[in-house]
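Chemist: Just dropping this structure here.
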Amino acid sequence: MLYEVDSGRSTQVAGDNVRQAFWSPDDSHFAYLKYDGKNWQIWTAPTNAPDKATLFSPQYVDSLHGYVTANTLLASDMQKAYLLSEDQPAQTIPLKDIYGETFQIMSSDTLRINPLDPDLLLVSAYYVNASAGAPTDQVGLNETFFLYEIRSHRRTILGPPDTFARNAEWSRDGLQIFFTRGVPGKS
């Protein structure tokens with residue numbers, strides 16, 4: 001749905017069986033996942049003509065993580081992250097390289113490229129083993145966020161060890177990180 005704040009009007013723009021919409025960096029387009037009856041694929045549409053949506057990539061993916069540039073999107077399945085572009089061949093990064101032995105690969109994870117540095121990923125993921133005393137969800141999992149440098153393969157955990165930290169996002173200028181912090185005994 002496209003919601004206009006000033007008028008309070010909502011307009012359906014992408015049909016049914018769609019999810020994970022993202023604005024392009026200049027807000028002229030948006031991208032989203034569309035289910036074809038068997039798999040999820042990335043579609044894009046101009047903001048001013050959402051009825052002119054087109055298939056962005058035939059690659060089947062499980063998650064869309066947003067725009068890297070005006071014509072490149074980051075997506076993933078359960079094995080690889082994909083940099084999919086209109087004007088370059090697809091690049092892949094094995095998720096096991098990003099996650100290492102410390103984190104579980106799940107479709108609910110988020111990967112976000114830094115707006116200033118395309119080599120720097122911000123990843124929200126669950127630990128394989130929660131630290132002793134760390135807050136966990138109803139199935140015993142603890143989530144945090146970390147940085148991953150694509151070229152050097154360096155991983156740096158940023159989430160505080162005594163919290164349940166989720167949904168980390170870069171600020172538009174790439175200088176701050178916003179996240180949801182769970183506290184034991186509170187929602």
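How things are named: the first chain in the structure tokens is A, the next is B, and so on; residues count from 1 in each chain; ligands count from 1 in the order shown.
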Show me, as number ranges by chain, the residues that have an atom within 6 Å of stretch 105-113 of chain A when counting only C-alpha atoms, minus same-chain residues fewer than 3 positions from it.
Modeler: A: 65, 118, 120-125
Chemist: Could you write out that same residue set with C-alpha atoms as a CSV table (one decimal), in the first residue's frame?
Modeler:
chain,number,residue,atom,x,y,z
A,65,HIS,CA,17.2,-6.3,1.8
A,118,PRO,CA,29.1,-0.6,-0.1
A,120,LEU,CA,30.0,-2.7,4.9
A,121,LEU,CA,27.0,-4.9,5.7
A,122,LEU,CA,24.9,-4.5,8.9
A,123,VAL,CA,23.3,-7.8,9.7
A,124,SER,CA,20.6,-8.7,12.3
A,125,ALA,CA,20.7,-12.4,13.1
Chemist: Go through stretch 6-104 of chain A and collect every residue that DSSP, computed from the backbone, puts in strand (DSSP E or B); the answer should be as number ranges by chain.
Modeler: A: 9-11, 18-23, 29-35, 40-46, 54-61, 63-69, 72-76, 80-85, 91-94, 103-104
Chemist: Need the shell around A:Phe145: protein/DNA/RNA residues with any atom at most 12 Å away, counting only C-alpha atoms. Skip same-chain ones fewer than 5 positions apart. Format as JSON, numbers by chain?
Modeler: {"A": [99, 102, 103, 109, 110, 111, 112, 121, 122, 123, 124, 125, 126, 127, 155, 156, 157, 158, 159, 160, 161, 163, 164, 165, 166, 167, 168, 169, 170, 177, 178, 179, 180, 181]}
Chemist: Go ahead and save the picked residues with C-alpha atoms, as a PDB file, in the first residue's frame.
Modeler:
ATOM      1  CA  TYR A  99      27.499 -15.490   9.406  1.00  0.00           C
ATOM      2  CA  THR A 102      28.446 -17.730  15.502  1.00  0.00           C
ATOM      3  CA  PHE A 103      25.099 -16.946  13.834  1.00  0.00           C
ATOM      4  CA  ASP A 109      17.370 -11.851   9.196  1.00  0.00           C
ATOM      5  CA  THR A 110      18.115  -8.445   7.724  1.00  0.00           C
ATOM      6  CA  LEU A 111      21.197  -7.415   5.749  1.00  0.00           C
ATOM      7  CA  ARG A 112      21.717  -3.718   5.034  1.00  0.00           C
ATOM      8  CA  LEU A 121      27.031  -4.876   5.745  1.00  0.00           C
ATOM      9  CA  LEU A 122      24.887  -4.460   8.865  1.00  0.00           C
ATOM     10  CA  VAL A 123      23.342  -7.837   9.721  1.00  0.00           C
ATOM     11  CA  SER A 124      20.635  -8.668  12.281  1.00  0.00           C
ATOM     12  CA  ALA A 125      20.722 -12.383  13.114  1.00  0.00           C
ATOM     13  CA  TYR A 126      20.240 -14.946  15.868  1.00  0.00           C
ATOM     14  CA  TYR A 127      23.162 -16.470  17.721  1.00  0.00           C
ATOM     15  CA  ARG A 155      32.886  -9.532  11.451  1.00  0.00           C
ATOM     16  CA  THR A 156      32.320  -7.197  14.423  1.00  0.00           C
ATOM     17  CA  ILE A 157      29.443  -7.756  16.850  1.00  0.00           C
ATOM     18  CA  LEU A 158      27.826  -4.458  17.854  1.00  0.00           C
ATOM     19  CA  GLY A 159      24.721  -5.477  19.817  1.00  0.00           C
ATOM     20  CA  PRO A 160      25.131  -5.280  23.588  1.00  0.00           C
ATOM     21  CA  PRO A 161      25.557  -8.821  24.998  1.00  0.00           C
ATOM     22  CA  THR A 163      20.129  -7.367  25.343  1.00  0.00           C
ATOM     23  CA  PHE A 164      17.909  -8.849  22.697  1.00  0.00           C
ATOM     24  CA  ALA A 165      18.673  -6.510  19.771  1.00  0.00           C
ATOM     25  CA  ARG A 166      16.775  -6.715  16.464  1.00  0.00           C
ATOM     26  CA  ASN A 167      16.022  -4.984  13.188  1.00  0.00           C
ATOM     27  CA  ALA A 168      19.178  -2.872  12.944  1.00  0.00           C
ATOM     28  CA  GLU A 169      19.003  -0.186  10.238  1.00  0.00           C
ATOM     29  CA  TRP A 170      21.428   2.448   8.978  1.00  0.00           C
ATOM     30  CA  ILE A 177      22.488   2.578  13.530  1.00  0.00           C
ATOM     31  CA  PHE A 178      18.962   2.277  14.867  1.00  0.00           C
ATOM     32  CA  PHE A 179      17.709  -0.968  16.401  1.00  0.00           C
ATOM     33  CA  THR A 180      14.991  -2.437  18.577  1.00  0.00           C
ATOM     34  CA  ARG A 181      16.175  -3.435  22.033  1.00  0.00           C
TER      35      ARG A 181
END
Chemist: List every residue of stretch 18-182 of chain A that DSSP, applied to the backbone, labels as alpha helix (DSSP H), and write the result as a PDB file with all heavy atoms, in the first residue's frame.
Modeler:
ATOM      1  N   LEU A  95      26.315 -17.011   2.374  1.00  0.00           N
ATOM      2  CA  LEU A  95      25.890 -16.551   3.697  1.00  0.00           C
ATOM      3  C   LEU A  95      26.756 -17.149   4.792  1.00  0.00           C
ATOM      4  O   LEU A  95      26.982 -16.515   5.820  1.00  0.00           O
ATOM      5  CB  LEU A  95      24.420 -16.876   3.941  1.00  0.00           C
ATOM      6  CG  LEU A  95      23.417 -16.055   3.142  1.00  0.00           C
ATOM      7  CD1 LEU A  95      21.991 -16.474   3.488  1.00  0.00           C
ATOM      8  CD2 LEU A  95      23.605 -14.565   3.338  1.00  0.00           C
ATOM      9  N   LYS A  96      27.290 -18.354   4.588  1.00  0.00           N
ATOM     10  CA  LYS A  96      28.158 -18.947   5.619  1.00  0.00           C
ATOM     11  C   LYS A  96      29.402 -18.098   5.827  1.00  0.00           C
ATOM     12  O   LYS A  96      29.962 -18.073   6.919  1.00  0.00           O
ATOM     13  CB  LYS A  96      28.503 -20.395   5.292  1.00  0.00           C
ATOM     14  CG  LYS A  96      29.328 -20.583   4.053  1.00  0.00           C
ATOM     15  CD  LYS A  96      29.597 -22.050   3.788  1.00  0.00           C
ATOM     16  CE  LYS A  96      30.413 -22.154   2.514  1.00  0.00           C
ATOM     17  NZ  LYS A  96      30.741 -23.503   2.165  1.00  0.00           N
ATOM     18  N   ASP A  97      29.864 -17.370   4.795  1.00  0.00           N
ATOM     19  CA  ASP A  97      30.991 -16.449   4.962  1.00  0.00           C
ATOM     20  C   ASP A  97      30.597 -15.258   5.833  1.00  0.00           C
ATOM     21  O   ASP A  97      31.379 -14.782   6.648  1.00  0.00           O
ATOM     22  CB  ASP A  97      31.489 -15.926   3.613  1.00  0.00           C
ATOM     23  CG  ASP A  97      32.181 -16.989   2.780  1.00  0.00           C
ATOM     24  OD1 ASP A  97      32.390 -18.120   3.283  1.00  0.00           O
ATOM     25  OD2 ASP A  97      32.499 -16.689   1.607  1.00  0.00           O
ATOM     26  N   ILE A  98      29.393 -14.760   5.642  1.00  0.00           N
ATOM     27  CA  ILE A  98      28.916 -13.603   6.408  1.00  0.00           C
ATOM     28  C   ILE A  98      28.639 -13.989   7.857  1.00  0.00           C
ATOM     29  O   ILE A  98      29.057 -13.311   8.783  1.00  0.00           O
ATOM     30  CB  ILE A  98      27.641 -13.016   5.754  1.00  0.00           C
ATOM     31  CG1 ILE A  98      27.963 -12.471   4.356  1.00  0.00           C
ATOM     32  CG2 ILE A  98      27.025 -11.929   6.642  1.00  0.00           C
ATOM     33  CD1 ILE A  98      26.746 -12.079   3.537  1.00  0.00           C
ATOM     34  N   TYR A  99      27.965 -15.099   8.078  1.00  0.00           N
ATOM     35  CA  TYR A  99      27.499 -15.490   9.406  1.00  0.00           C
ATOM     36  C   TYR A  99      28.545 -16.208  10.241  1.00  0.00           C
ATOM     37  O   TYR A  99      28.476 -16.184  11.466  1.00  0.00           O
ATOM     38  CB  TYR A  99      26.272 -16.390   9.280  1.00  0.00           C
ATOM     39  CG  TYR A  99      25.020 -15.660   8.884  1.00  0.00           C
ATOM     40  CD1 TYR A  99      24.867 -15.122   7.609  1.00  0.00           C
ATOM     41  CD2 TYR A  99      23.974 -15.514   9.779  1.00  0.00           C
ATOM     42  CE1 TYR A  99      23.716 -14.464   7.241  1.00  0.00           C
ATOM     43  CE2 TYR A  99      22.813 -14.856   9.425  1.00  0.00           C
ATOM     44  CZ  TYR A  99      22.684 -14.334   8.151  1.00  0.00           C
ATOM     45  OH  TYR A  99      21.550 -13.679   7.788  1.00  0.00           O
TER      46      TYR A  99
END
Chemist: Report as a Markdown table: every residue of stretch 71-128 of chain A with an atom at most 10 Å from stretch 3-27 of chain A, its closest pair of atoms, and their distance in Å to one decimal, counting only C-alpha atoms, with rows sorted by chain and ascending residue number.
Modeler:
| residue | atom | partner | partner_atom | distance |
| --- | --- | --- | --- | --- |
| A:Asn71 | CA | A:Ser24 | CA | 8.3 |
| A:Thr72 | CA | A:Ser24 | CA | 9.4 |
| A:Leu73 | CA | A:Ser24 | CA | 9.2 |
| A:Pro115 | CA | A:Pro25 | CA | 9.1 |
Chemist: Quick check, in Å to one decimal: how far apart do atom CA of A:Trp43 and atom CA of A:Val61 lie?
Modeler: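 For atom CA of A:Trp43 relative to atom CA of A:Val61, the distance reads 11.6 Å.
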Chemist: Mind checking which residues fall within 10 Å of stretch 83-91 of chain A, counting only C-alpha atoms, ignoring those fewer than 3 positions away in the same chain, and posting them as JSON, numbers by chain?
Modeler: {"A": [42, 56, 57, 58, 59, 67, 68, 69, 70, 71, 72, 73, 74, 75, 76, 80]}
Chemist: Could you tell me how far atom CA of A:Ser63 sits from atom CA of A:Phe30, in Å to one decimal place?
Modeler: 15.1 Å
Chemist: Here is a test: counting only C-alpha atoms, which residue of A:Thr144, A:Asn114, A:Ser28, A:Gln104 is nearest to A:Arg172?
Modeler: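 Ranking A:Thr144, A:Asn114, A:Ser28, A:Gln104 by distance to A:Arg172, first place goes to A:Asn114.
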Chemist: When you count only C-alpha atoms, which of these residues is closest to A:Pro135: A:Tyr60, A:His29, A:Asn48, A:Gly182?
Modeler: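 Counting only C-alpha atoms, the residue closest to A:Pro135 is A:Gly182.
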Chemist: Atom CA of A:Ser152 and atom CA of A:Ala130, how far apart in Å?
Modeler: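 Here the two named atoms are 26.0 Å from each other.
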